[in-house]
Amino acid sequence: MTMENKNLNFWSKVCKTPINKTKQVKQGGMSYTTINAQYQLKQATNQFGVYGVKWKLHDLKHELINIDNEILLVLNAKFKANECEFPITNSIYLKRKTKNGLKIDTDAYKKLETDTLTKALSKLGFNADIFEGLYDNQNYLNSLSLDADLKNVDQEYKPTLPVAKNDQIEYLEKNLNDNNKDQLLKRFFSKCSVTQKQLDRLEKLNIDCSHITPVNDGTKD
């Protein structure tokens with residue numbers, strides 16, 4: 001494994017966003033994809049631990065800037081997750097002009113903190129597929145649908161499936177590539193369950209195994 005791949009190990013774990021955890025928003029003639037904020041908190045908690053203990057925004061400092069009778073709310077803060085810490089700045093309009101006059105956003109402080117968390121997590125790779133524009137690619141969305149199918153297959157067949165044999169794992173290690181990945185994995189998980197050791201080997205291939213529960217039946221791989 002190259003150093004670049006090692007550096008991207010964490011990114012690869014958190015970069016994908018399930019379609020059902022997103023929403024298309026139209027605003028000002030533009031359309032963009034947003035992330036379910038509670039889902040994102042859950043995913044970060046899964047990686048780091050309890051919010052406010054293992055990871056958090058802290059040293060929050062708000063500033064109000066008057067721009068031509070509109071008020072911009074600026075947040076300067078620090079994001080910390082375990083040993084990782086960095087400063088982050090974000091802003092939102094607290095009061096702005098509309099066709100009906102000046103409008104005050106009473107949820108501006110809440111929106112700003114939520115959006116700042118999203119931006120901070122994005123620097124670590126969370127939901128990177130959205131920020132990289134992959135959600136504009138229909139082929140990518142189709143691949144996410146296949147991932148969802150894999151999860152359904154795992155839930156449906158897992159109780160009665162035999163544990164994968166060593167040569168089946170080796171076949172994936174030797175032959176898996178971007179062109180055949182979805183097809184091979186769907187076929188593999190429809191026929192096999194895996195032990196924790198086998199799961200560890202699959203994760204080294206940059207396979208998202210978060211939906212797979214390993215079996216523990218004493219089988220040696």
# chains A, B, ... in the order shown; residues from 1 in each chain; ligands from 1
>>> select_by_dssp(residues="region 37-205 of chain A", states="strand (DSSP E or B)", output="PyMOL selection string")
chain A and resi 51+55-67+70-81+84-98+101-104+163+193+195
>>> residues_around(residues="region 203-209 of chain A", least_positions_apart="2", cutoff="8 Å", atoms="only C-alpha atoms", output="list in words")
Asn9, Ser12, Lys13, Glu173, Leu199, Asp200, Arg201, His211 and Ile212 of chain A
>>> residues_around(residues="region 110-121 of chain A", least_positions_apart="3", cutoff="8 Å", atoms="only C-alpha atoms", output="PyMOL selection string")
chain A and resi 37+40+44+57+75+79+88-92+107+124-126
>>> closest_residue(among="A:Lys197, A:Lys54, A:Lys80, A:Lys26", to="Lys165 (chain A)", atoms="only C-alpha atoms")
A:Lys197
>>> atom_distance(atom1="CA of His62 (chain A)", atom2="CA of Thr98 (chain A)")
23.8 Å
>>> closest_residue(among="A:Gln47, A:Gln168, A:Gln24, A:Thr33", to="Ser210 (chain A)", atoms="only C-alpha atoms")
A:Gln47
>>> closest_residue(among="A:Asn139, A:Asn69, A:Asn82, A:Gln196", to="Lys103 (chain A)", atoms="only C-alpha atoms")
A:Asn69
>>> select_by_dssp(residues="region 31-216 of chain A", states="helix (DSSP H, G or I)", output="PyMOL selection string")
chain A and resi 37-48+108-122+128-131+134-136+138-160+166-175+181-191+196-203
>>> residues_around(residues="Ile67 (chain A)", least_positions_apart="3", cutoff="10 Å", atoms="only C-alpha atoms", output="compact mmCIF listing (two decimals) with N, CA, C and O atoms, in the first residue's frame")
# COMPACT_ATOMS: atom_id res chain seq x y z
N LEU A 64 -20.64 40.54 14.26
CA LEU A 64 -21.67 41.09 13.38
C LEU A 64 -21.04 42.17 12.50
O LEU A 64 -20.40 43.10 13.00
N GLU A 70 -27.33 45.45 5.61
CA GLU A 70 -27.49 44.03 5.85
C GLU A 70 -26.48 43.61 6.91
O GLU A 70 -25.40 44.19 7.01
N ILE A 71 -26.83 42.61 7.71
CA ILE A 71 -25.94 42.18 8.79
C ILE A 71 -25.45 40.76 8.53
O ILE A 71 -26.24 39.82 8.40
N LEU A 72 -24.14 40.65 8.44
CA LEU A 72 -23.49 39.35 8.25
C LEU A 72 -23.02 38.83 9.60
O LEU A 72 -22.31 39.52 10.34
N LYS A 95 -29.38 39.42 8.85
CA LYS A 95 -30.42 40.31 8.31
C LYS A 95 -30.04 40.68 6.89
O LYS A 95 -28.91 41.08 6.64
N ARG A 96 -30.98 40.49 5.97
CA ARG A 96 -30.68 40.84 4.59
C ARG A 96 -31.90 41.38 3.87
O ARG A 96 -33.04 41.19 4.31
>>> atom_distance(atom1="CA of Val14 (chain A)", atom2="CA of Phe131 (chain A)")
12.7 Å
>>> closest_residue(among="A:Ala128, A:Val50, A:Leu184, A:Leu41", to="Leu8 (chain A)", atoms="only C-alpha atoms")
A:Ala128
>>> residues_around(residues="Asp129 (chain A)", least_positions_apart="5", cutoff="7 Å", atoms="only C-alpha atoms", output="list in words")
Cys15, Lys16, Thr17, Leu134 and Tyr135 of chain A
>>> atom_distance(atom1="CA of Ile104 (chain A)", atom2="CA of Asn66 (chain A)")
13.2 Å
